[in-house]
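Chemist: Dropping in target_25.pdb, with PDB, C-alpha atoms.
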```pdb
MODEL        1
ATOM      1  CA  MET A  17      37.798  96.597  78.285  1.00  0.00           C
ATOM      2  CA  LEU A  18      37.668  95.156  81.794  1.00  0.00           C
ATOM      3  CA  LEU A  19      40.743  93.028  81.206  1.00  0.00           C
ATOM      4  CA  HIS A  20      42.923  95.908  80.002  1.00  0.00           C
ATOM      5  CA  ARG A  21      44.537  98.872  81.724  1.00  0.00           C
ATOM      6  CA  PRO A  22      43.415 100.683  83.804  1.00  0.00           C
ATOM      7  CA  TYR A  23      40.289  98.630  84.419  1.00  0.00           C
ATOM      8  CA  ALA A  24      41.830  95.218  85.081  1.00  0.00           C
ATOM      9  CA  ARG A  25      43.053  96.377  88.469  1.00  0.00           C
ATOM     10  CA  LEU A  26      39.579  97.646  89.383  1.00  0.00           C
ATOM     11  CA  LEU A  27      38.104  94.313  88.323  1.00  0.00           C
ATOM     12  CA  LEU A  28      40.597  92.481  90.522  1.00  0.00           C
ATOM     13  CA  VAL A  29      39.631  94.654  93.508  1.00  0.00           C
ATOM     14  CA  GLY A  30      35.916  94.143  92.844  1.00  0.00           C
ATOM     15  CA  VAL A  31      36.271  90.369  92.583  1.00  0.00           C
ATOM     16  CA  ALA A  32      38.521  90.231  95.663  1.00  0.00           C
ATOM     17  CA  LEU A  33      36.002  92.211  97.734  1.00  0.00           C
ATOM     18  CA  ALA A  34      33.176  89.949  96.580  1.00  0.00           C
ATOM     19  CA  VAL A  35      35.073  86.744  97.350  1.00  0.00           C
ATOM     20  CA  LEU A  36      36.261  88.074 100.716  1.00  0.00           C
ATOM     21  CA  GLN A  37      32.700  88.885 101.731  1.00  0.00           C
ATOM     22  CA  GLN A  38      31.664  85.287 101.103  1.00  0.00           C
ATOM     23  CA  TRP A  39      34.762  83.416 102.240  1.00  0.00           C
ATOM     24  CA  THR A  40      34.669  84.879 105.711  1.00  0.00           C
ATOM     25  CA  GLY A  41      32.263  81.980 106.156  1.00  0.00           C
ATOM     26  CA  ILE A  42      29.364  84.037 107.390  1.00  0.00           C
ATOM     27  CA  ASN A  43      26.787  82.415 105.117  1.00  0.00           C
ATOM     28  CA  ILE A  44      27.629  79.121 106.755  1.00  0.00           C
ATOM     29  CA  LEU A  45      26.089  80.534 109.930  1.00  0.00           C
ATOM     30  CA  PHE A  46      22.891  81.162 107.987  1.00  0.00           C
ATOM     31  CA  ASN A  47      22.794  78.074 105.757  1.00  0.00           C
ATOM     32  CA  TYR A  48      24.017  75.525 108.297  1.00  0.00           C
ATOM     33  CA  ALA A  49      22.812  77.156 111.523  1.00  0.00           C
ATOM     34  CA  SER A  50      20.908  74.085 112.674  1.00  0.00           C
ATOM     35  CA  GLU A  51      23.971  71.875 112.259  1.00  0.00           C
ATOM     36  CA  ILE A  52      26.314  74.366 113.959  1.00  0.00           C
ATOM     37  CA  TYR A  53      23.977  74.833 116.927  1.00  0.00           C
ATOM     38  CA  SER A  54      23.323  71.095 117.128  1.00  0.00           C
ATOM     39  CA  LYS A  55      27.072  70.459 117.389  1.00  0.00           C
ATOM     40  CA  ALA A  56      27.130  73.093 120.153  1.00  0.00           C
ATOM     41  CA  GLY A  57      24.737  70.957 122.174  1.00  0.00           C
ATOM     42  CA  TYR A  58      21.398  72.620 121.470  1.00  0.00           C
ATOM     43  CA  GLY A  59      18.163  70.651 121.046  1.00  0.00           C
ATOM     44  CA  SER A  60      15.606  71.152 118.259  1.00  0.00           C
ATOM     45  CA  SER A  61      13.465  73.806 119.952  1.00  0.00           C
ATOM     46  CA  ASP A  62      16.523  75.756 121.116  1.00  0.00           C
ATOM     47  CA  ILE A  63      17.990  75.593 117.604  1.00  0.00           C
ATOM     48  CA  LEU A  64      14.844  77.165 116.178  1.00  0.00           C
ATOM     49  CA  LEU A  65      14.961  79.911 118.815  1.00  0.00           C
ATOM     50  CA  ASN A  66      18.650  80.520 118.042  1.00  0.00           C
ATOM     51  CA  ILE A  67      17.848  80.857 114.341  1.00  0.00           C
ATOM     52  CA  VAL A  68      15.167  83.465 115.137  1.00  0.00           C
ATOM     53  CA  ILE A  69      17.679  85.326 117.320  1.00  0.00           C
ATOM     54  CA  THR A  70      20.241  85.088 114.512  1.00  0.00           C
ATOM     55  CA  GLY A  71      17.809  86.659 112.043  1.00  0.00           C
ATOM     56  CA  SER A  72      16.892  89.394 114.518  1.00  0.00           C
ATOM     57  CA  ILE A  73      20.542  90.306 115.115  1.00  0.00           C
ATOM     58  CA  ASN A  74      21.097  90.357 111.358  1.00  0.00           C
ATOM     59  CA  LEU A  75      18.151  92.715 110.842  1.00  0.00           C
ATOM     60  CA  LEU A  76      19.089  95.104 113.660  1.00  0.00           C
ATOM     61  CA  SER A  77      22.721  95.204 112.569  1.00  0.00           C
ATOM     62  CA  THR A  78      21.743  95.888 108.963  1.00  0.00           C
ATOM     63  CA  VAL A  79      19.639  98.866 110.071  1.00  0.00           C
ATOM     64  CA  LEU A  80      22.596 100.112 112.119  1.00  0.00           C
ATOM     65  CA  ALA A  81      24.833  99.747 109.050  1.00  0.00           C
ATOM     66  CA  MET A  82      22.636 102.157 107.101  1.00  0.00           C
ATOM     67  CA  LEU A  83      23.407 104.786 109.710  1.00  0.00           C
ATOM     68  CA  LEU A  84      27.130 104.031 109.844  1.00  0.00           C
ATOM     69  CA  VAL A  85      28.209 103.607 106.233  1.00  0.00           C
ATOM     70  CA  ASP A  86      28.423 107.313 105.387  1.00  0.00           C
ATOM     71  CA  THR A  87      29.411 108.591 108.829  1.00  0.00           C
ATOM     72  CA  VAL A  88      32.136 106.118 109.833  1.00  0.00           C
ATOM     73  CA  GLY A  89      33.491 105.452 106.361  1.00  0.00           C
ATOM     74  CA  ARG A  90      33.792 102.446 104.137  1.00  0.00           C
ATOM     75  CA  ARG A  91      37.436 101.593 104.832  1.00  0.00           C
ATOM     76  CA  LYS A  92      37.042 101.688 108.618  1.00  0.00           C
ATOM     77  CA  LEU A  93      33.902  99.572 108.458  1.00  0.00           C
ATOM     78  CA  MET A  94      35.546  96.968 106.205  1.00  0.00           C
ATOM     79  CA  LEU A  95      38.615  96.713 108.446  1.00  0.00           C
ATOM     80  CA  ALA A  96      36.524  96.551 111.633  1.00  0.00           C
ATOM     81  CA  GLY A  97      34.260  93.945 110.067  1.00  0.00           C
ATOM     82  CA  CYS A  98      37.099  91.703 108.946  1.00  0.00           C
ATOM     83  CA  ALA A  99      38.789  91.942 112.344  1.00  0.00           C
ATOM     84  CA  GLY A 100      35.547  91.386 114.260  1.00  0.00           C
ATOM     85  CA  ILE A 101      34.502  88.382 112.201  1.00  0.00           C
ATOM     86  CA  ALA A 102      38.004  86.874 112.410  1.00  0.00           C
ATOM     87  CA  VAL A 103      38.153  87.209 116.196  1.00  0.00           C
ATOM     88  CA  SER A 104      34.608  85.856 116.559  1.00  0.00           C
ATOM     89  CA  HIS A 105      35.379  82.831 114.376  1.00  0.00           C
ATOM     90  CA  LEU A 106      38.698  82.104 116.083  1.00  0.00           C
ATOM     91  CA  LEU A 107      37.076  82.325 119.528  1.00  0.00           C
ATOM     92  CA  CYS A 108      34.286  80.059 118.293  1.00  0.00           C
ATOM     93  CA  ALA A 109      36.902  77.553 117.110  1.00  0.00           C
ATOM     94  CA  SER A 110      38.484  77.721 120.553  1.00  0.00           C
ATOM     95  CA  ALA A 111      35.096  77.176 122.202  1.00  0.00           C
ATOM     96  CA  TYR A 112      34.512  74.060 120.108  1.00  0.00           C
ATOM     97  CA  SER A 113      38.074  72.841 120.788  1.00  0.00           C
ATOM     98  CA  HIS A 114      37.642  73.262 124.543  1.00  0.00           C
ATOM     99  CA  HIS A 115      34.096  71.842 124.547  1.00  0.00           C
ATOM    100  CA  LEU A 116      32.564  75.145 125.690  1.00  0.00           C
ATOM    101  CA  MET A 117      29.222  74.484 124.102  1.00  0.00           C
ATOM    102  CA  GLY A 118      25.873  76.236 124.269  1.00  0.00           C
ATOM    103  CA  THR A 119      25.789  79.922 125.133  1.00  0.00           C
ATOM    104  CA  PRO A 120      29.443  80.750 124.276  1.00  0.00           C
ATOM    105  CA  VAL A 121      29.012  79.390 120.741  1.00  0.00           C
ATOM    106  CA  LEU A 122      25.682  81.176 120.320  1.00  0.00           C
ATOM    107  CA  LEU A 123      27.102  84.511 121.505  1.00  0.00           C
ATOM    108  CA  LEU A 124      30.175  84.219 119.285  1.00  0.00           C
ATOM    109  CA  THR A 125      28.136  83.357 116.195  1.00  0.00           C
ATOM    110  CA  LEU A 126      25.783  86.254 116.948  1.00  0.00           C
ATOM    111  CA  LEU A 127      28.778  88.556 117.315  1.00  0.00           C
ATOM    112  CA  ALA A 128      30.128  87.425 113.932  1.00  0.00           C
ATOM    113  CA  ILE A 129      26.732  88.005 112.330  1.00  0.00           C
ATOM    114  CA  ALA A 130      26.476  91.465 113.903  1.00  0.00           C
ATOM    115  CA  PHE A 131      29.918  92.426 112.589  1.00  0.00           C
ATOM    116  CA  TYR A 132      29.077  91.071 109.145  1.00  0.00           C
ATOM    117  CA  ALA A 133      25.696  92.786 108.882  1.00  0.00           C
ATOM    118  CA  CYS A 134      27.132  96.136 110.047  1.00  0.00           C
ATOM    119  CA  THR A 135      30.146  96.031 107.771  1.00  0.00           C
ATOM    120  CA  LEU A 136      30.980  93.528 105.033  1.00  0.00           C
ATOM    121  CA  ALA A 137      27.404  92.764 104.006  1.00  0.00           C
ATOM    122  CA  PRO A 138      26.370  96.283 102.976  1.00  0.00           C
ATOM    123  CA  VAL A 139      29.736  97.940 102.425  1.00  0.00           C
ATOM    124  CA  THR A 140      30.926  95.367  99.885  1.00  0.00           C
ATOM    125  CA  TRP A 141      27.888  96.123  97.720  1.00  0.00           C
ATOM    126  CA  VAL A 142      28.447  99.862  98.091  1.00  0.00           C
ATOM    127  CA  LEU A 143      32.127  99.575  97.183  1.00  0.00           C
ATOM    128  CA  ILE A 144      31.497  97.360  94.168  1.00  0.00           C
ATOM    129  CA  SER A 145      28.907  99.784  92.837  1.00  0.00           C
ATOM    130  CA  GLU A 146      31.213 102.792  93.366  1.00  0.00           C
ATOM    131  CA  LEU A 147      34.433 101.161  92.177  1.00  0.00           C
ATOM    132  CA  PHE A 148      33.931 101.281  88.438  1.00  0.00           C
ATOM    133  CA  PRO A 149      33.624 104.381  86.234  1.00  0.00           C
ATOM    134  CA  ASN A 150      30.276 104.853  84.481  1.00  0.00           C
ATOM    135  CA  SER A 151      31.625 103.685  81.118  1.00  0.00           C
ATOM    136  CA  ILE A 152      32.201 100.127  82.400  1.00  0.00           C
ATOM    137  CA  ARG A 153      30.131 100.092  85.591  1.00  0.00           C
ATOM    138  CA  SER A 154      27.562  97.552  84.423  1.00  0.00           C
ATOM    139  CA  GLN A 155      30.217  95.094  83.216  1.00  0.00           C
ATOM    140  CA  GLY A 156      32.424  95.563  86.286  1.00  0.00           C
ATOM    141  CA  VAL A 157      29.591  95.173  88.761  1.00  0.00           C
ATOM    142  CA  SER A 158      28.265  92.153  86.838  1.00  0.00           C
ATOM    143  CA  ALA A 159      31.641  90.423  86.882  1.00  0.00           C
ATOM    144  CA  SER A 160      32.206  91.183  90.577  1.00  0.00           C
ATOM    145  CA  VAL A 161      28.743  90.033  91.602  1.00  0.00           C
ATOM    146  CA  SER A 162      29.139  86.880  89.527  1.00  0.00           C
ATOM    147  CA  ALA A 163      32.340  86.169  91.439  1.00  0.00           C
ATOM    148  CA  LEU A 164      30.436  86.770  94.697  1.00  0.00           C
ATOM    149  CA  TRP A 165      27.817  84.152  93.842  1.00  0.00           C
ATOM    150  CA  VAL A 166      30.410  81.634  92.633  1.00  0.00           C
ATOM    151  CA  ALA A 167      32.284  82.161  95.912  1.00  0.00           C
ATOM    152  CA  SER A 168      29.021  81.709  97.834  1.00  0.00           C
ATOM    153  CA  PHE A 169      28.325  78.451  96.009  1.00  0.00           C
ATOM    154  CA  LEU A 170      31.834  77.144  96.686  1.00  0.00           C
ATOM    155  CA  LEU A 171      31.598  78.125 100.355  1.00  0.00           C
ATOM    156  CA  THR A 172      28.225  76.465 100.827  1.00  0.00           C
ATOM    157  CA  TYR A 173      29.140  73.365  98.838  1.00  0.00           C
ATOM    158  CA  THR A 174      32.481  72.755 100.554  1.00  0.00           C
ATOM    159  CA  PHE A 175      31.331  73.312 104.149  1.00  0.00           C
ATOM    160  CA  PRO A 176      30.134  69.728 104.787  1.00  0.00           C
ATOM    161  CA  LEU A 177      33.268  68.325 103.188  1.00  0.00           C
ATOM    162  CA  LEU A 178      35.609  70.570 105.165  1.00  0.00           C
ATOM    163  CA  GLN A 179      33.700  70.060 108.392  1.00  0.00           C
ATOM    164  CA  GLY A 180      33.920  66.300 107.938  1.00  0.00           C
ATOM    165  CA  ALA A 181      37.663  66.512 107.351  1.00  0.00           C
ATOM    166  CA  LEU A 182      38.586  69.225 109.869  1.00  0.00           C
ATOM    167  CA  GLY A 183      35.768  69.253 112.417  1.00  0.00           C
ATOM    168  CA  THR A 184      33.751  72.278 113.458  1.00  0.00           C
ATOM    169  CA  ALA A 185      36.669  73.924 115.268  1.00  0.00           C
ATOM    170  CA  GLY A 186      38.893  73.472 112.224  1.00  0.00           C
ATOM    171  CA  ILE A 187      36.412  75.018 109.856  1.00  0.00           C
ATOM    172  CA  PHE A 188      35.975  78.072 112.096  1.00  0.00           C
ATOM    173  CA  ARG A 189      39.766  78.431 112.159  1.00  0.00           C
ATOM    174  CA  ILE A 190      39.861  78.506 108.365  1.00  0.00           C
ATOM    175  CA  TYR A 191      37.104  81.113 108.115  1.00  0.00           C
ATOM    176  CA  GLY A 192      38.763  83.161 110.860  1.00  0.00           C
ATOM    177  CA  GLY A 193      42.010  83.014 108.891  1.00  0.00           C
ATOM    178  CA  VAL A 194      40.345  84.254 105.730  1.00  0.00           C
TER     179      VAL A 194
ENDMDL
END
```
Can the structure in the file be given as structure tokens, please?
Modeler:
Amino acid sequence: MLLHRPYARLLLVGVALAVLQQWTGINILFNYASEIYSKAGYGSSDILLNIVITGSINLLSTVLAMLLVDTVGRRKLMLAGCAGIAVSHLLCASAYSHHLMGTPVLLLTLLAIAFYACTLAPVTWVLISELFPNSIRSQGVSASVSALWVASFLLTYTFPLLQGALGTAGIFRIYGGV
């Protein structure tokens, strides 16, 4: 049923939302934080502190998202999140390109995480769960979430390869472009 009218279009939207959420590159900031902060010139103890700060920003922003999702609206949050993450990533790429290491990179990655946790992280899940009618909801959500995890795997797996080929600035440009 999912592959036929009128549900195929809903499935495409659900999969696209799921892939977008992952391919903004935000999970790279979580999974490869030590490498990103190391390339920004931080030492081991500072990297650990930055990771704690990263988690704290993620938590606070997620709590804020719970307050915003029904008052601001899903569409506005998704658009603001995509724009905020893109600008943060592109500025981070510029910081790496111009050798502005340390605090600028930390602040820009924290800004990207804050935008993500307030917008794409929770709103994507809300939209996917609301997108499909009850008759096919379980299949539609399952397919969309499967696409999300495949996209997450591909993102995480390809990061070292892309970073080796394009450098840290190049990889942030790609994620900013997405």
Chemist: Suppose a student applies the PyMOL selection byres ((chain A and resi 141) around 10) to this structure; what residues should they get, written as a VMD selection string?
Modeler: chain A and resid 30 33 to 34 37 136 to 140 142 to 147 157 160 to 161
Chemist: Give me the result of the PyMOL selection byres ((chain A and resi 131-133) around 6) on this file, residue by residue, as a list in words.
Modeler: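 Applying the PyMOL selection byres ((chain A and resi 131-133) around 6) to the structure shown produces Asn74, Ser77, Thr78, Gly97, Gly100, Ala128, Ile129, Ala130, Cys134, Thr135, Leu136 and Ala137 of chain A.
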Chemist: Which distance in Å separates atom CA of A:Ser154 and atom CA of A:Leu36, to one decimal?
Modeler: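 For atom CA of A:Ser154 relative to atom CA of A:Leu36, the distance reads 20.8 Å.
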Chemist: With the file shown as input, list the residues that the PyMOL selection byres ((chain A and resi 186) around 12) selects, as a CSV table (one decimal) with C-alpha atoms, keeping the file's coordinate frame.
Modeler:
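Saved to result_6.csv:
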```csv
chain,number,residue,atom,x,y,z
A,105,HIS,CA,35.4,82.8,114.4
A,106,LEU,CA,38.7,82.1,116.1
A,107,LEU,CA,37.1,82.3,119.5
A,108,CYS,CA,34.3,80.1,118.3
A,109,ALA,CA,36.9,77.6,117.1
A,110,SER,CA,38.5,77.7,120.6
A,111,ALA,CA,35.1,77.2,122.2
A,112,TYR,CA,34.5,74.1,120.1
A,113,SER,CA,38.1,72.8,120.8
A,175,PHE,CA,31.3,73.3,104.1
A,177,LEU,CA,33.3,68.3,103.2
A,178,LEU,CA,35.6,70.6,105.2
A,179,GLN,CA,33.7,70.1,108.4
A,180,GLY,CA,33.9,66.3,107.9
A,181,ALA,CA,37.7,66.5,107.4
A,182,LEU,CA,38.6,69.2,109.9
A,183,GLY,CA,35.8,69.3,112.4
A,184,THR,CA,33.8,72.3,113.5
A,185,ALA,CA,36.7,73.9,115.3
A,187,ILE,CA,36.4,75.0,109.9
A,188,PHE,CA,36.0,78.1,112.1
A,189,ARG,CA,39.8,78.4,112.2
A,190,ILE,CA,39.9,78.5,108.4
A,191,TYR,CA,37.1,81.1,108.1
A,192,GLY,CA,38.8,83.2,110.9
A,193,GLY,CA,42.0,83.0,108.9
```
Chemist: Any idea what's packed within 12 Å of A:Met17, counting all atoms listed in the file, ignoring anything in its chain fewer than 2 positions away? Could you give it as an mmCIF file with C-alpha atoms, in the coordinates of the input?
Modeler:
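Okay, result_22.cif is ready:
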```cif
data_model
loop_
_atom_site.group_PDB
_atom_site.id
_atom_site.type_symbol
_atom_site.label_atom_id
_atom_site.label_comp_id
_atom_site.auth_asym_id
_atom_site.auth_seq_id
_atom_site.Cartn_x
_atom_site.Cartn_y
_atom_site.Cartn_z
ATOM 1 C CA LEU A 19 40.743 93.028 81.206
ATOM 2 C CA HIS A 20 42.923 95.908 80.002
ATOM 3 C CA ARG A 21 44.537 98.872 81.724
ATOM 4 C CA PRO A 22 43.415 100.683 83.804
ATOM 5 C CA TYR A 23 40.289 98.630 84.419
ATOM 6 C CA ALA A 24 41.830 95.218 85.081
ATOM 7 C CA ARG A 25 43.053 96.377 88.469
ATOM 8 C CA LEU A 26 39.579 97.646 89.383
ATOM 9 C CA LEU A 27 38.104 94.313 88.323
ATOM 10 C CA PHE A 148 33.931 101.281 88.438
ATOM 11 C CA PRO A 149 33.624 104.381 86.234
ATOM 12 C CA SER A 151 31.625 103.685 81.118
ATOM 13 C CA ILE A 152 32.201 100.127 82.400
ATOM 14 C CA ARG A 153 30.131 100.092 85.591
ATOM 15 C CA SER A 154 27.562 97.552 84.423
ATOM 16 C CA GLN A 155 30.217 95.094 83.216
ATOM 17 C CA GLY A 156 32.424 95.563 86.286
#
```
Chemist: Kindly compute an axis-aligned box around the listed atoms of stretch 171-176 of chain A, allowing 6 Å on each side, and express its centre and edge lengths in Å to one decimal as lines of an AutoDock Vina configuration file.
Modeler:
```
center_x = 30.4
center_y = 73.9
center_z = 101.8
size_x = 16.3
size_y = 20.4
size_z = 17.9
```
Chemist: Taking into account only C-alpha atoms, which residue in the set A:Arg90, A:Ala99, A:Val35, A:His115 is nearest to A:Ala56?
Modeler: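 Of the candidates, the smallest distance to A:Ala56 is held by A:His115.
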Chemist: Need to verify the contact set: stretch 166-174 of chain A, 8 Å, only C-alpha atoms, exclusion of same-chain residues closer than 2 positions in sequence. Can you return it as a PyMOL selection string?
Modeler: chain A and resi 34-35+38-39+41+43-44+47+162-164+176-178
Chemist: I'd like to know which of A:Ser54, A:Asn66, A:Ser60, A:Ser72 is closest to A:Leu122, using all atoms listed in the file.
Modeler: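 Going through A:Ser54, A:Asn66, A:Ser60, A:Ser72 one by one, the smallest distance to A:Leu122 is for A:Asn66.
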Chemist: A:Ile52, A:Ile63, A:Ala81, A:Met94: which is nearest A:Leu124, counting all atoms listed in the file?
Modeler: A:Ile52
Chemist: Figure out the distance between atom CA of A:Leu18 and atom CA of A:Val85, please, to one decimal in Å.
Modeler: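 Spanning atom CA of A:Val85 to atom CA of A:Leu18 is a straight-line distance of 27.5 Å.
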Chemist: Please determine, counting only C-alpha atoms, which residue among A:Leu95, A:Tyr53, A:Val31, A:Ser104 has the shortest atom-to-atom distance to A:Gly118.
Modeler: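 Smallest separation from A:Gly118 among the options: A:Tyr53.
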Chemist: Do you have the atom CA of A:Ala96-atom CA of A:Leu126 distance handy?
Modeler: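 Going from atom CA of A:Ala96 over to atom CA of A:Leu126, I get 15.8 Å.
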Chemist: Here is a test: counting all atoms listed in the file, which residue of A:Ala32, A:Leu116, A:Val103, A:Leu45 is nearest to A:Gly71?
Modeler: A:Leu45
Chemist: Just stretch 41-77 of chain A, please, as a PDB file, in the first residue's frame (only C-alpha atoms).
Modeler:
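Just written: selection_0.pdb:
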```
ATOM      1  CA  GLY A  41      25.884  16.086   9.609  1.00  0.00           C
ATOM      2  CA  ILE A  42      24.916  16.778  13.179  1.00  0.00           C
ATOM      3  CA  ASN A  43      25.653  13.266  14.431  1.00  0.00           C
ATOM      4  CA  ILE A  44      29.215  13.761  13.285  1.00  0.00           C
ATOM      5  CA  LEU A  45      29.521  16.381  16.023  1.00  0.00           C
ATOM      6  CA  PHE A  46      28.466  13.740  18.536  1.00  0.00           C
ATOM      7  CA  ASN A  47      30.251  10.675  17.142  1.00  0.00           C
ATOM      8  CA  TYR A  48      33.501  12.356  16.113  1.00  0.00           C
ATOM      9  CA  ALA A  49      33.599  15.226  18.617  1.00  0.00           C
ATOM     10  CA  SER A  50      37.054  14.339  19.901  1.00  0.00           C
ATOM     11  CA  GLU A  51      38.500  14.347  16.386  1.00  0.00           C
ATOM     12  CA  ILE A  52      36.763  17.604  15.405  1.00  0.00           C
ATOM     13  CA  TYR A  53      37.911  19.393  18.563  1.00  0.00           C
ATOM     14  CA  SER A  54      41.405  17.933  18.240  1.00  0.00           C
ATOM     15  CA  LYS A  55      41.667  19.358  14.715  1.00  0.00           C
ATOM     16  CA  ALA A  56      40.525  22.692  16.186  1.00  0.00           C
ATOM     17  CA  GLY A  57      43.584  22.698  18.424  1.00  0.00           C
ATOM     18  CA  TYR A  58      42.167  21.434  21.711  1.00  0.00           C
ATOM     19  CA  GLY A  59      44.098  19.108  24.031  1.00  0.00           C
ATOM     20  CA  SER A  60      42.714  15.953  25.669  1.00  0.00           C
ATOM     21  CA  SER A  61      41.331  17.543  28.840  1.00  0.00           C
ATOM     22  CA  ASP A  62      39.761  20.420  26.899  1.00  0.00           C
ATOM     23  CA  ILE A  63      38.201  17.949  24.455  1.00  0.00           C
ATOM     24  CA  LEU A  64      36.525  16.115  27.324  1.00  0.00           C
ATOM     25  CA  LEU A  65      35.222  19.405  28.732  1.00  0.00           C
ATOM     26  CA  ASN A  66      33.927  20.389  25.278  1.00  0.00           C
ATOM     27  CA  ILE A  67      32.091  17.073  24.989  1.00  0.00           C
ATOM     28  CA  VAL A  68      30.416  17.680  28.373  1.00  0.00           C
ATOM     29  CA  ILE A  69      29.434  21.177  27.216  1.00  0.00           C
ATOM     30  CA  THR A  70      28.127  19.695  23.960  1.00  0.00           C
ATOM     31  CA  GLY A  71      25.914  17.252  25.861  1.00  0.00           C
ATOM     32  CA  SER A  72      24.665  20.003  28.166  1.00  0.00           C
ATOM     33  CA  ILE A  73      23.706  22.245  25.239  1.00  0.00           C
ATOM     34  CA  ASN A  74      21.949  19.296  23.613  1.00  0.00           C
ATOM     35  CA  LEU A  75      19.950  18.598  26.780  1.00  0.00           C
ATOM     36  CA  LEU A  76      18.952  22.224  27.396  1.00  0.00           C
ATOM     37  CA  SER A  77      17.977  22.731  23.764  1.00  0.00           C
TER      38      SER A  77
END
```
